[in-house]
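Coordinates from protein_10.txt are shown below (compact mmCIF, C-alpha atoms and all ligand atoms).
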# COMPACT_ATOMS: atom_id res chain seq x y z
CA MET A 1 -50.35 29.96 63.53
CA ASP A 2 -46.61 30.65 64.11
CA ASN A 3 -46.39 27.10 65.32
CA LYS A 4 -47.57 25.86 61.90
CA ILE A 5 -44.76 27.79 60.22
CA ASP A 6 -42.13 26.36 62.57
CA ILE A 7 -43.43 22.82 62.06
CA LEU A 8 -43.27 23.27 58.27
CA ARG A 9 -39.77 24.77 58.50
CA GLU A 10 -38.52 21.74 60.45
CA GLU A 11 -40.30 19.36 58.06
CA ILE A 12 -38.71 20.97 55.01
CA LYS A 13 -35.27 20.87 56.65
CA GLN A 14 -35.69 17.20 57.54
CA ARG A 15 -37.00 16.12 54.11
CA LEU A 16 -34.27 18.05 52.27
CA SER A 17 -31.60 16.30 54.30
CA GLU A 18 -32.97 12.93 53.09
CA VAL A 19 -32.91 13.82 49.36
CA THR A 20 -30.27 11.93 47.32
CA ASP A 21 -30.89 13.01 43.72
CA LEU A 22 -32.10 15.94 41.65
CA SER A 23 -35.44 14.43 40.63
CA GLN A 24 -36.38 13.78 44.27
CA LEU A 25 -35.37 17.34 45.04
CA ASP A 26 -37.59 18.73 42.30
CA SER A 27 -40.61 16.79 43.57
CA LEU A 28 -39.94 18.18 47.04
CA ARG A 29 -39.65 21.73 45.69
CA VAL A 30 -43.03 21.39 43.95
CA ALA A 31 -44.61 19.86 47.10
CA TYR A 32 -43.61 22.82 49.27
CA LEU A 33 -43.05 25.81 47.02
CA GLY A 34 -45.20 24.96 43.96
CA LYS A 35 -48.60 26.61 43.27
CA LYS A 36 -50.34 23.86 45.20
CA GLY A 37 -47.51 23.40 47.70
CA SER A 38 -47.69 23.56 51.50
CA VAL A 39 -46.01 26.99 51.82
CA THR A 40 -48.36 28.49 49.23
CA ALA A 41 -51.31 26.90 51.09
CA LEU A 42 -50.21 28.73 54.26
CA LEU A 43 -50.39 32.04 52.39
CA LYS A 44 -53.84 31.19 51.09
CA SER A 45 -55.03 30.37 54.64
CA MET A 46 -54.47 34.02 55.71
CA LYS A 47 -57.96 34.97 54.53
CA GLU A 48 -59.42 34.18 57.99
CA LEU A 49 -56.94 36.41 59.85
CA SER A 50 -57.34 40.03 60.94
CA ASN A 51 -55.45 42.69 59.07
CA GLU A 52 -52.87 43.04 61.84
CA GLU A 53 -52.35 39.23 62.01
CA LYS A 54 -52.16 39.00 58.20
CA LYS A 55 -49.28 41.47 58.16
CA GLN A 56 -47.23 39.56 60.71
CA PHE A 57 -48.15 36.07 59.45
CA GLY A 58 -47.55 37.03 55.82
CA ALA A 59 -44.08 38.32 56.66
CA GLU A 60 -43.25 35.05 58.50
CA VAL A 61 -44.50 32.84 55.64
CA ASN A 62 -42.54 34.89 53.08
CA LYS A 63 -39.44 34.45 55.24
CA LEU A 64 -40.04 30.69 55.31
CA LYS A 65 -40.56 30.69 51.54
CA ALA A 66 -37.23 32.50 50.94
CA GLU A 67 -35.43 30.20 53.39
CA ALA A 68 -36.86 27.07 51.73
CA ALA A 69 -35.93 28.34 48.22
CA LYS A 70 -32.36 29.01 49.43
CA ARG A 71 -32.10 25.55 50.99
CA VAL A 72 -33.29 23.99 47.71
CA GLU A 73 -30.61 25.94 45.78
CA GLU A 74 -27.94 24.83 48.22
CA LYS A 75 -29.08 21.25 47.87
CA VAL A 76 -28.84 21.49 44.05
CA ALA A 77 -25.23 22.66 44.36
CA GLU A 78 -24.46 19.89 46.87
CA LEU A 79 -25.95 17.17 44.64
CA ASN A 80 -24.11 18.48 41.55
CA ALA A 81 -20.81 18.47 43.44
CA LEU A 82 -21.45 14.90 44.58
CA ALA A 83 -22.25 13.83 40.98
CA ILE A 84 -18.97 15.32 39.69
CA GLU A 85 -17.01 13.65 42.48
CA ALA A 86 -18.66 10.30 41.70
CA GLU A 87 -17.77 10.68 38.00
CA ILE A 88 -14.16 11.51 38.85
CA ASN A 89 -13.95 8.52 41.17
CA SER A 90 -15.30 6.23 38.46
CA MET A 91 -12.54 7.26 36.00
CA PRO A 92 -9.43 5.11 35.59
CA ARG A 93 -6.66 6.51 37.72
CA PHE A 94 -3.11 7.09 36.59
CA ASP A 95 -0.17 8.75 38.15
CA ILE A 96 1.20 11.50 35.91
CA THR A 97 4.43 11.50 37.87
CA THR A 98 5.23 7.89 36.90
CA PRO A 99 8.41 7.93 34.74
CA ALA A 100 7.85 6.98 31.07
CA ASP A 101 8.94 3.52 29.98
CA LEU A 102 11.66 4.63 27.58
CA THR A 103 12.51 1.09 26.51
CA ARG A 104 9.28 0.74 24.51
CA GLY A 105 9.90 3.04 21.53
CA SER A 106 11.68 1.92 18.38
CA TYR A 107 12.36 3.36 14.95
CA HIS A 108 10.34 2.23 11.97
CA PRO A 109 12.41 -0.02 9.65
CA ILE A 110 12.01 2.52 6.82
CA THR A 111 13.39 5.26 9.07
CA LEU A 112 16.33 3.03 9.95
CA VAL A 113 17.19 2.20 6.37
CA SER A 114 16.64 5.80 5.25
CA ARG A 115 18.99 7.13 7.92
CA GLN A 116 21.55 4.53 7.02
CA CYS A 117 21.45 5.52 3.33
CA GLU A 118 21.60 9.20 4.27
CA SER A 119 24.72 8.63 6.33
CA ILE A 120 26.35 6.54 3.57
CA PHE A 121 25.74 9.23 0.96
CA ARG A 122 26.72 12.05 3.32
CA SER A 123 30.04 10.30 3.84
CA MET A 124 30.51 10.41 0.05
CA GLY A 125 29.87 14.15 -0.12
CA PHE A 126 26.15 14.23 -0.94
CA THR A 127 23.77 16.74 0.66
CA VAL A 128 20.42 15.50 1.99
CA GLU A 129 17.47 17.52 0.73
CA ASP A 130 13.87 17.75 1.87
CA TYR A 131 10.99 18.18 -0.54
CA PRO A 132 7.18 18.59 -0.20
CA GLU A 133 4.74 15.74 -0.71
CA VAL A 134 2.27 17.97 -2.56
CA VAL A 135 3.80 19.19 -5.84
CA THR A 136 2.75 20.63 -9.17
CA ASP A 137 2.36 18.79 -12.45
CA TYR A 138 5.39 20.71 -13.70
CA GLU A 139 7.62 19.48 -10.85
CA CYS A 140 6.49 15.86 -10.99
CA PHE A 141 6.28 15.41 -14.74
CA GLU A 142 6.92 18.27 -17.13
CA SER A 143 10.25 19.41 -15.67
CA VAL A 144 11.57 15.83 -15.98
CA ASN A 145 10.76 15.47 -19.64
CA ILE A 146 7.27 13.96 -19.26
CA PRO A 147 5.00 16.39 -21.11
CA LYS A 148 1.19 16.25 -20.80
CA HIS A 149 -0.30 13.13 -22.45
CA HIS A 150 3.07 11.32 -22.46
CA PRO A 151 2.42 7.56 -22.10
CA ALA A 152 4.96 7.35 -19.22
CA ARG A 153 2.34 9.06 -17.05
CA ASP A 154 0.20 5.93 -17.21
CA MET A 155 2.74 4.13 -15.01
CA GLN A 156 2.36 6.71 -12.26
CA ASP A 157 -1.28 7.52 -11.68
CA THR A 158 -1.50 9.44 -8.42
CA TYR A 159 -3.90 11.47 -6.28
CA TYR A 160 -4.89 14.90 -7.56
CA LEU A 161 -6.06 17.87 -5.51
CA GLU A 162 -8.87 20.14 -6.67
CA ASN A 163 -6.37 22.96 -7.22
CA GLY A 164 -4.49 20.87 -9.82
CA GLN A 165 -1.61 19.92 -7.51
CA LEU A 166 -0.86 16.27 -6.82
CA LEU A 167 0.72 13.94 -4.29
CA LYS A 168 4.14 13.23 -5.76
CA SER A 169 4.39 9.86 -7.46
CA GLN A 170 8.20 9.92 -7.60
CA THR A 171 11.02 11.73 -5.81
CA SER A 172 12.21 12.75 -9.29
CA ALA A 173 9.75 15.63 -8.73
CA ALA A 174 12.58 17.37 -6.84
CA GLN A 175 15.20 17.05 -9.60
CA ASN A 176 14.49 20.39 -11.27
CA ALA A 177 14.56 22.30 -7.98
CA ILE A 178 17.88 20.70 -7.00
CA LEU A 179 19.49 21.56 -10.34
CA LYS A 180 18.33 25.16 -9.92
CA LYS A 181 19.40 25.31 -6.27
CA TYR A 182 22.98 24.13 -6.84
CA GLY A 183 23.44 25.08 -10.52
CA ALA A 184 25.11 28.42 -9.81
CA ALA A 185 27.76 26.87 -7.53
CA LEU A 186 28.51 24.29 -10.24
CA LYS A 187 28.81 26.83 -13.05
CA GLU A 188 30.58 29.57 -11.11
CA ASN A 189 32.79 27.60 -8.73
CA GLY A 190 32.95 24.11 -10.23
CA VAL A 191 31.26 22.52 -7.18
CA PRO A 192 29.61 19.28 -8.37
CA ILE A 193 25.92 18.80 -7.63
CA LYS A 194 25.68 15.80 -5.30
CA ALA A 195 22.33 15.45 -3.60
CA ILE A 196 19.94 12.81 -2.33
CA PHE A 197 16.32 13.43 -1.41
CA PRO A 198 14.31 10.79 0.41
CA GLY A 199 10.55 11.18 0.44
CA ARG A 200 7.13 9.63 0.58
CA CYS A 201 5.53 8.85 -2.78
CA PHE A 202 1.96 8.01 -3.68
CA ARG A 203 0.48 5.99 -6.50
CA ASN A 204 -3.06 5.06 -7.29
CA GLU A 205 -2.45 1.39 -7.93
CA ALA A 206 -3.46 -2.05 -6.72
CA THR A 207 -1.37 -3.28 -3.81
CA ASP A 208 0.39 -6.64 -3.52
CA ALA A 209 3.37 -8.08 -1.63
CA SER A 210 5.79 -5.64 -3.31
CA HIS A 211 3.51 -2.68 -4.19
CA GLU A 212 1.97 -0.13 -1.84
CA ASN A 213 -0.02 2.98 -2.68
CA THR A 214 2.20 4.93 -0.26
CA PHE A 215 5.90 4.15 -0.17
CA PHE A 216 9.30 5.80 0.15
CA GLN A 217 11.90 6.47 -2.48
CA MET A 218 15.29 8.10 -2.27
CA GLU A 219 16.34 10.08 -5.30
CA GLY A 220 19.99 10.76 -5.94
CA MET A 221 21.74 13.04 -8.43
CA MET A 222 25.28 13.87 -9.32
CA VAL A 223 26.17 16.43 -12.00
CA ASP A 224 29.63 17.58 -12.99
CA LYS A 225 31.96 17.53 -15.95
CA ASP A 226 32.67 14.03 -17.31
CA ILE A 227 30.30 12.06 -15.13
CA SER A 228 29.74 8.63 -16.65
CA ILE A 229 27.90 5.36 -16.11
CA SER A 230 30.91 3.98 -14.22
CA ASN A 231 30.43 6.68 -11.57
CA LEU A 232 26.79 5.66 -11.29
CA ILE A 233 27.64 1.97 -10.88
CA TYR A 234 30.31 2.76 -8.29
CA PHE A 235 27.89 4.70 -6.07
CA MET A 236 25.12 2.09 -6.42
CA LYS A 237 27.50 -0.75 -5.50
CA THR A 238 28.95 1.15 -2.53
CA MET A 239 25.50 2.02 -1.21
CA LEU A 240 24.22 -1.55 -1.40
CA SER A 241 27.28 -3.21 0.10
CA GLU A 242 27.19 -0.69 2.99
CA VAL A 243 23.47 -1.25 3.65
CA PHE A 244 23.77 -5.04 3.63
CA GLN A 245 27.32 -5.14 5.02
CA ARG A 246 28.22 -7.71 2.34
CA ASP A 247 28.09 -8.09 -1.43
CA VAL A 248 24.56 -8.56 -2.71
CA LYS A 249 23.66 -9.97 -6.09
CA VAL A 250 22.25 -7.31 -8.42
CA ARG A 251 21.59 -7.12 -12.13
CA LEU A 252 21.49 -4.12 -14.42
CA ARG A 253 19.23 -4.19 -17.46
CA PRO A 254 17.99 -1.53 -19.84
CA GLY A 255 14.99 0.45 -18.61
CA PHE A 256 13.05 3.35 -20.05
CA PHE A 257 12.46 6.56 -18.10
CA PRO A 258 11.97 9.82 -20.04
CA PHE A 259 14.34 11.66 -17.71
CA VAL A 260 17.41 9.48 -18.30
CA GLU A 261 19.27 8.33 -21.38
CA PRO A 262 20.48 5.63 -21.24
CA GLY A 263 18.25 4.27 -18.46
CA PHE A 264 18.61 1.12 -16.39
CA GLU A 265 16.67 -1.05 -14.04
CA LEU A 266 18.76 -2.18 -11.10
CA ASP A 267 17.22 -5.33 -9.61
CA ILE A 268 18.25 -7.02 -6.39
CA ASN A 269 18.32 -10.78 -5.99
CA CYS A 270 15.34 -11.53 -3.73
CA GLU A 271 16.64 -11.70 -0.16
CA ILE A 272 13.50 -13.51 1.01
CA CYS A 273 13.82 -16.62 -1.19
CA GLY A 274 17.47 -16.29 -2.18
CA GLY A 275 16.45 -16.00 -5.84
CA LYS A 276 14.37 -19.19 -6.00
CA GLY A 277 11.13 -17.26 -6.52
CA CYS A 278 8.41 -16.36 -4.02
CA SER A 279 5.35 -14.12 -3.69
CA SER A 280 7.54 -11.16 -2.59
CA CYS A 281 9.43 -11.16 -5.92
CA LYS A 282 6.47 -12.34 -8.00
CA HIS A 283 8.26 -15.70 -8.40
CA SER A 284 11.00 -14.15 -10.57
CA GLY A 285 13.82 -14.26 -8.01
CA TRP A 286 14.50 -10.53 -8.61
CA LEU A 287 12.98 -7.32 -7.27
CA GLU A 288 13.12 -3.95 -9.02
CA LEU A 289 14.96 -1.77 -6.56
CA CYS A 290 16.75 1.22 -7.99
CA PRO A 291 16.16 2.43 -11.53
CA CYS A 292 18.83 4.82 -12.67
CA GLY A 293 20.57 6.34 -15.65
CA MET A 294 22.35 9.31 -17.16
CA ILE A 295 20.31 12.50 -16.80
CA HIS A 296 18.53 13.40 -20.05
CA PRO A 297 19.84 16.59 -21.73
CA ASN A 298 16.30 18.06 -21.66
CA VAL A 299 16.19 17.71 -17.87
CA LEU A 300 19.58 19.39 -17.44
CA ARG A 301 18.55 22.20 -19.81
CA GLU A 302 15.24 22.71 -17.96
CA GLY A 303 17.25 23.01 -14.74
CA GLY A 304 19.50 25.67 -16.26
CA ILE A 305 22.53 23.39 -16.84
CA ASP A 306 24.20 23.18 -20.26
CA PRO A 307 24.17 19.48 -21.32
CA ASP A 308 27.05 20.07 -23.71
CA GLU A 309 29.25 21.03 -20.81
CA TYR A 310 27.95 18.88 -17.96
CA THR A 311 26.66 15.33 -17.54
CA GLY A 312 25.17 13.55 -14.58
CA PHE A 313 23.45 10.49 -13.24
CA ALA A 314 20.24 10.05 -11.28
CA PHE A 315 18.69 7.14 -9.44
CA GLY A 316 15.37 6.47 -7.73
CA LEU A 317 15.98 3.97 -4.95
CA GLY A 318 12.87 2.17 -3.64
CA LEU A 319 13.50 2.72 0.07
CA THR A 320 10.49 0.73 1.24
CA ARG A 321 11.58 -2.22 -0.88
CA LEU A 322 15.12 -1.86 0.43
CA ALA A 323 13.76 -2.08 4.01
CA MET A 324 11.80 -5.15 2.91
CA MET A 325 14.94 -6.82 1.57
CA LYS A 326 17.22 -5.77 4.41
CA TYR A 327 14.88 -6.93 7.16
CA LYS A 328 13.38 -9.83 5.17
CA VAL A 329 9.81 -8.53 5.41
CA LYS A 330 7.81 -10.78 3.06
CA ASP A 331 4.93 -8.39 2.42
CA ILE A 332 5.51 -4.66 1.91
CA ARG A 333 2.06 -3.92 3.35
CA ASP A 334 3.25 -5.02 6.80
CA LEU A 335 5.51 -1.95 6.84
CA ASN A 336 2.51 0.39 6.70
CA SER A 337 0.34 -1.72 8.97
CA GLY A 338 1.16 0.06 12.24
CA ASN A 339 1.43 -3.39 13.83
CA LEU A 340 3.86 -2.77 16.68
CA LYS A 341 4.43 -6.47 17.24
CA SER A 342 6.12 -6.76 13.88
CA LEU A 343 7.55 -3.24 13.67
CA ASP A 344 9.36 -2.89 16.98
CA GLN A 345 11.72 -5.82 16.48
CA PHE A 346 14.16 -3.93 14.25
CA THR A 347 17.20 -2.13 15.53
CA ASP A 348 19.74 0.21 14.11
CA ASP A 349 23.00 -1.56 13.21
CA ASP A 350 24.91 1.26 14.88
CA GLU A 351 23.19 0.82 18.24
C1 LIG B 401 10.62 5.92 -10.73
O1 LIG B 401 9.83 6.29 -9.89
C2 LIG B 401 11.70 6.80 -11.26
N1 LIG B 401 11.46 8.14 -10.83
C3 LIG B 401 13.07 6.31 -10.77
C4 LIG B 401 14.25 6.93 -11.47
C5 LIG B 401 14.87 8.04 -10.90
C6 LIG B 401 14.73 6.39 -12.66
C7 LIG B 401 15.95 8.60 -11.51
C8 LIG B 401 15.79 6.93 -13.27
C9 LIG B 401 16.42 8.04 -12.68
P1 LIG B 401 9.79 3.45 -10.69
O2 LIG B 401 8.38 3.74 -10.95
O3 LIG B 401 10.32 2.20 -11.28
O4 LIG B 401 10.70 4.65 -11.20
O5 LIG B 401 10.03 3.41 -9.13
C10 LIG B 401 11.33 3.37 -8.59
C11 LIG B 401 11.40 2.35 -7.46
O6 LIG B 401 10.45 2.71 -6.47
C12 LIG B 401 11.01 0.92 -7.88
O7 LIG B 401 12.12 0.21 -8.41
C13 LIG B 401 10.57 0.35 -6.56
O8 LIG B 401 11.69 -0.05 -5.81
C14 LIG B 401 9.90 1.54 -5.91
N2 LIG B 401 8.46 1.51 -6.17
C15 LIG B 401 7.78 1.91 -7.24
N3 LIG B 401 6.45 1.73 -7.10
C16 LIG B 401 6.29 1.20 -5.89
C17 LIG B 401 5.15 0.77 -5.14
N4 LIG B 401 3.92 0.89 -5.60
N5 LIG B 401 5.34 0.27 -3.91
C18 LIG B 401 6.60 0.17 -3.41
N6 LIG B 401 7.71 0.55 -4.04
C19 LIG B 401 7.57 1.05 -5.28
Translate the structure of the given file into C-alpha cells.
Amino acid sequence: MDNKIDILREEIKQRLSEVTDLSQLDSLRVAYLGKKGSVTALLKSMKELSNEEKKQFGAEVNKLKAEAAKRVEEKVAELNALAIEAEINSMPRFDITTPADLTRGSYHPITLVSRQCESIFRSMGFTVEDYPEVVTDYECFESVNIPKHHPARDMQDTYYLENGQLLKSQTSAAQNAILKKYGAALKENGVPIKAIFPGRCFRNEATDASHENTFFQMEGMMVDKDISISNLIYFMKTMLSEVFQRDVKVRLRPGFFPFVEPGFELDINCEICGGKGCSSCKHSGWLELCPCGMIHPNVLREGGIDPDEYTGFAFGLGLTRLAMMKYKVKDIRDLNSGNLKSLDQFTDDDE
C-alpha cells in the first residue's frame, strides 16, 4: 500500500514539472486532487483495510494530499511569475538614463510674437497683466459699455457655461479690472495707467483662413491727463515697426466699438500677397489687425476714473493674425493645428 502512495507522489512531482500553463495545471489538480482524482481514490480504497492499517494509511494519504496541494500552489506562483516576466520582455525597452534631445523643442509662433510685443511694451513703460479665460458677462460686456441686448454682442458670440460665466470673446474683458487696479495710483500719485494684457479669446464662429474659434489678442491701455489720438498712433507705429523690424504699410479707418469714441480699425497690408489680394486677406489686400480708439467716458467712469479729468486710449491687437503676418502663415488654422512640421521652423529673432 505504502508503495502505491510513493508511486503516486513521484508521478505527481513528475507531471507537475512538465506543466507549462495554468489550464494544464488545473486539469492536473482535478485529476489528482478532485473528487474523482487519484489521491481521493486512494482514500476510498481504505475500506478493505483493518482499523490499524486504516489509521496509518489514512495519515500517509492525507500527507500526500497536503504535499500535492502545496506543490500545485507553488506551481501557480511560478507560472504567474513567468507570465509577468514574459509580458515585461515583450514591452518596448527604453533607457531612462538617456539624455533628452534638447534640440527638438521650439516655441510656438504665437508665443514668440507675444513675447516680442511684451518686451516692446515693457520697454515703453507698460506693465504686462494676466487675466482669466473664464469671465463674467459684466467683465466681458457690461463693464465696457455693452449692456444686455446691445447689437454689438452679435459680433462676439462665445461659449457660455451653465453658471452664466463665459469664455472671454475679447481681452477688453480685463479693461475694467485694470482701471480699478491702477486707478488709485493715477489719482493719488499721478502715475499713468499703462498696461497690456495678452490672452486667449474664444468665439463661436465659422473658421476660415483668417478666423479661428480660439485665438489670441493683446489688449493695451494708457490713461493719463491729456492723452490723445497722436499718442495712440505713436505706440501702434512703434510696436509694428519693432515687430517687423521695418516700416509696414497700415491704414487707419473709422470703426465702431462701444468702448471707444472715436474708434478705429487699424489694418495691415497683407504680408502674404503684398496687397494684391489672396485667400488670407479675403482678396482685399488688407487684414484687420488692431482696432483701437479713445476710451469711452462710460468705461472710464465704470472703472472709477473721472472722464472729465483723464483720457486714454485702448487697442485690441490680434496676436494670432500678427503671427500669421510676421511668419507669412497663409492659413490661421495651421497655427492651432499642432503640426510640428510646420510649427517648429520658427525662431526667436533674439536667439
Ligand atoms: C475686439 O475684439 C475689440 N475688443 C478690440 C478693441 C479693443 C477695439 C480696444 C477698441 C479698443 P475685434 O472683434 O475686431 O475687436 O477683434 C480684434 C482683433 O482680433 C481683430 O482685428 C483680429 O485681428 C482679431 N480677431 C478677431 N476675431 C478673430 C478670429 N475669429 N480669429 C482670429 N483673430 C481674430
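Take the candidates A:Asn298, A:Gln345, A:Gln217, A:Ser279 and check each one against ligand LIG 401 (chain B) using all atoms listed in the file; the shortest distance goes to A:Gln217.
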Task: Contacts of ligand LIG 401 (chain B), 6 Å or closer, all atoms listed in the file, given as a ChimeraX atom specification - done: /A:170,172,210-213,215,217,257,260,288-293,314-318,320-321
Task: Thr207 in chain A surroundings by only C-alpha atoms, 10 Å radius, close-in-sequence under 6 positions cut, as number ranges by chain - done: A: 213-214, 332-333
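Straight-line separation from CA of Leu240 in chain A to CA of Ile305 in chain A: 29.4 Å.
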Using all atoms listed in the file, find each residue in range 217-334 of chain A having at least one atom no more than 10 Å away from range 107-116 of chain A; report its shortest atom-to-atom pair and that distance in Å (one decimal), rows by chain then rising number, as JSON lines.
{"residue": "A:Gln217", "atom": "CA", "partner": "A:Ser114", "partner_atom": "CA", "distance": 9.1}
{"residue": "A:Met218", "atom": "CA", "partner": "A:Ser114", "partner_atom": "CA", "distance": 8.0}
{"residue": "A:Met239", "atom": "CA", "partner": "A:Gln116", "partner_atom": "CA", "distance": 9.5}
{"residue": "A:Glu242", "atom": "CA", "partner": "A:Gln116", "partner_atom": "CA", "distance": 8.7}
{"residue": "A:Val243", "atom": "CA", "partner": "A:Gln116", "partner_atom": "CA", "distance": 7.0}
{"residue": "A:Leu319", "atom": "CA", "partner": "A:Ser114", "partner_atom": "CA", "distance": 6.8}
{"residue": "A:Thr320", "atom": "CA", "partner": "A:Ile110", "partner_atom": "CA", "distance": 6.1}
{"residue": "A:Arg321", "atom": "CA", "partner": "A:Ile110", "partner_atom": "CA", "distance": 9.1}
{"residue": "A:Leu322", "atom": "CA", "partner": "A:Val113", "partner_atom": "CA", "distance": 7.5}
{"residue": "A:Ala323", "atom": "CA", "partner": "A:Ile110", "partner_atom": "CA", "distance": 5.7}
{"residue": "A:Met324", "atom": "CA", "partner": "A:Pro109", "partner_atom": "CA", "distance": 8.5}
{"residue": "A:Lys326", "atom": "CA", "partner": "A:Val113", "partner_atom": "CA", "distance": 8.2}
{"residue": "A:Tyr327", "atom": "CA", "partner": "A:Pro109", "partner_atom": "CA", "distance": 7.7}
{"residue": "A:Val329", "atom": "CA", "partner": "A:Pro109", "partner_atom": "CA", "distance": 9.9}
For the selection just defined, write its residues with C-alpha atoms to a file, as a PDB file, keeping the file's coordinate frame.
ATOM      1  CA  GLN A 217      11.900   6.470  -2.480  1.00  0.00           C
ATOM      2  CA  MET A 218      15.290   8.100  -2.270  1.00  0.00           C
ATOM      3  CA  MET A 239      25.500   2.020  -1.210  1.00  0.00           C
ATOM      4  CA  GLU A 242      27.190  -0.690   2.990  1.00  0.00           C
ATOM      5  CA  VAL A 243      23.470  -1.250   3.650  1.00  0.00           C
ATOM      6  CA  LEU A 319      13.500   2.720   0.070  1.00  0.00           C
ATOM      7  CA  THR A 320      10.490   0.730   1.240  1.00  0.00           C
ATOM      8  CA  ARG A 321      11.580  -2.220  -0.880  1.00  0.00           C
ATOM      9  CA  LEU A 322      15.120  -1.860   0.430  1.00  0.00           C
ATOM     10  CA  ALA A 323      13.760  -2.080   4.010  1.00  0.00           C
ATOM     11  CA  MET A 324      11.800  -5.150   2.910  1.00  0.00           C
ATOM     12  CA  LYS A 326      17.220  -5.770   4.410  1.00  0.00           C
ATOM     13  CA  TYR A 327      14.880  -6.930   7.160  1.00  0.00           C
ATOM     14  CA  VAL A 329       9.810  -8.530   5.410  1.00  0.00           C
TER      15      VAL A 329
END
- [ ] Write out as number ranges by chain the residues lying within 8 Å of Glu271 in chain A, counting all atoms listed in the file and excluding same-chain residues fewer than 4 positions away.
- [x] A: 275, 325-326, 328
Go ahead and write the residues just picked, C-alpha atoms, as a PDB file, in the frame of the given file.
ATOM      1  CA  GLY A 275      16.450 -16.000  -5.840  1.00  0.00           C
ATOM      2  CA  MET A 325      14.940  -6.820   1.570  1.00  0.00           C
ATOM      3  CA  LYS A 326      17.220  -5.770   4.410  1.00  0.00           C
ATOM      4  CA  LYS A 328      13.380  -9.830   5.170  1.00  0.00           C
TER       5      LYS A 328
END
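If all atoms listed in the file are the atoms counted, then among A:Asn145, A:Asn176, A:Thr127, A:Ser50 the closest residue to Pro198 in chain A is A:Thr127.
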TODO: Excluding Lys282 in chain A and any residue of its chain fewer than 3 positions from it, enumerate the residues within 12 Å of it, using all atoms listed in the file, and give them as a count of residues only.
DONE: 18
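Of note, CA of Ala83 in chain A and CA of Leu22 in chain A are spaced 10.1 Å apart.
You will find CA of Leu186 in chain A at 12.2 Å from CA of Gly303 in chain A.
Considering the residues A:Ile12, A:Ala174, A:Ala31, A:Val223 and counting all atoms listed in the file, Thr136 in chain A has its shortest atom-to-atom contact with A:Ala174.
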Open item on the list: At a cut-off of 12 Å, using all atoms listed in the file, what residues contact Glu74 in chain A? Leave out same-chain residues fewer than 5 positions from it and give the result as an MDAnalysis selection string.
Closed with: chainID A and resid 13 16:17 22 25 67:69 79:81
TODO: Please identify all polymer residues within 12 Å of Ser241 in chain A, counting all atoms listed in the file, omitting same-chain residues fewer than 4 positions from it, and present them as number ranges by chain.
DONE: A: 116-117, 120, 234-237, 245-250, 268, 326
For range 318-322 of chain A, supply all heavy atoms and report the output as a tab-separated table (two decimals), in the frame of the given file.
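Saved file part32.tsv follows:
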chain	number	residue	atom	x	y	z
A	318	GLY	N	14.11	2.52	-4.37
A	318	GLY	CA	12.87	2.17	-3.64
A	318	GLY	C	13.21	1.86	-2.19
A	318	GLY	O	13.57	0.74	-1.85
A	319	LEU	N	13.07	2.89	-1.34
A	319	LEU	CA	13.50	2.72	0.07
A	319	LEU	C	12.66	1.68	0.81
A	319	LEU	O	13.19	0.91	1.62
A	319	LEU	CB	13.34	4.05	0.80
A	319	LEU	CG	14.55	4.93	1.00
A	319	LEU	CD1	14.20	6.09	1.90
A	319	LEU	CD2	15.72	4.15	1.59
A	320	THR	N	11.36	1.68	0.53
A	320	THR	CA	10.49	0.73	1.24
A	320	THR	C	10.87	-0.70	0.84
A	320	THR	O	10.93	-1.60	1.68
A	320	THR	CB	9.02	1.03	0.94
A	320	THR	OG1	8.78	2.40	1.20
A	320	THR	CG2	8.09	0.20	1.82
A	321	ARG	N	11.16	-0.88	-0.44
A	321	ARG	CA	11.58	-2.22	-0.88
A	321	ARG	C	12.95	-2.58	-0.30
A	321	ARG	O	13.21	-3.75	0.01
A	321	ARG	CB	11.63	-2.29	-2.40
A	321	ARG	CG	10.26	-2.42	-2.97
A	321	ARG	CD	10.29	-3.02	-4.35
A	321	ARG	NE	8.98	-2.88	-4.95
A	321	ARG	CZ	8.77	-2.85	-6.25
A	321	ARG	NH1	9.77	-2.95	-7.08
A	321	ARG	NH2	7.54	-2.72	-6.71
A	322	LEU	N	13.80	-1.58	-0.15
A	322	LEU	CA	15.12	-1.86	0.43
A	322	LEU	C	14.95	-2.32	1.88
A	322	LEU	O	15.60	-3.29	2.32
A	322	LEU	CB	15.99	-0.59	0.38
A	322	LEU	CG	17.43	-0.74	0.86
A	322	LEU	CD1	18.19	-1.76	0.00
A	322	LEU	CD2	18.17	0.59	0.82
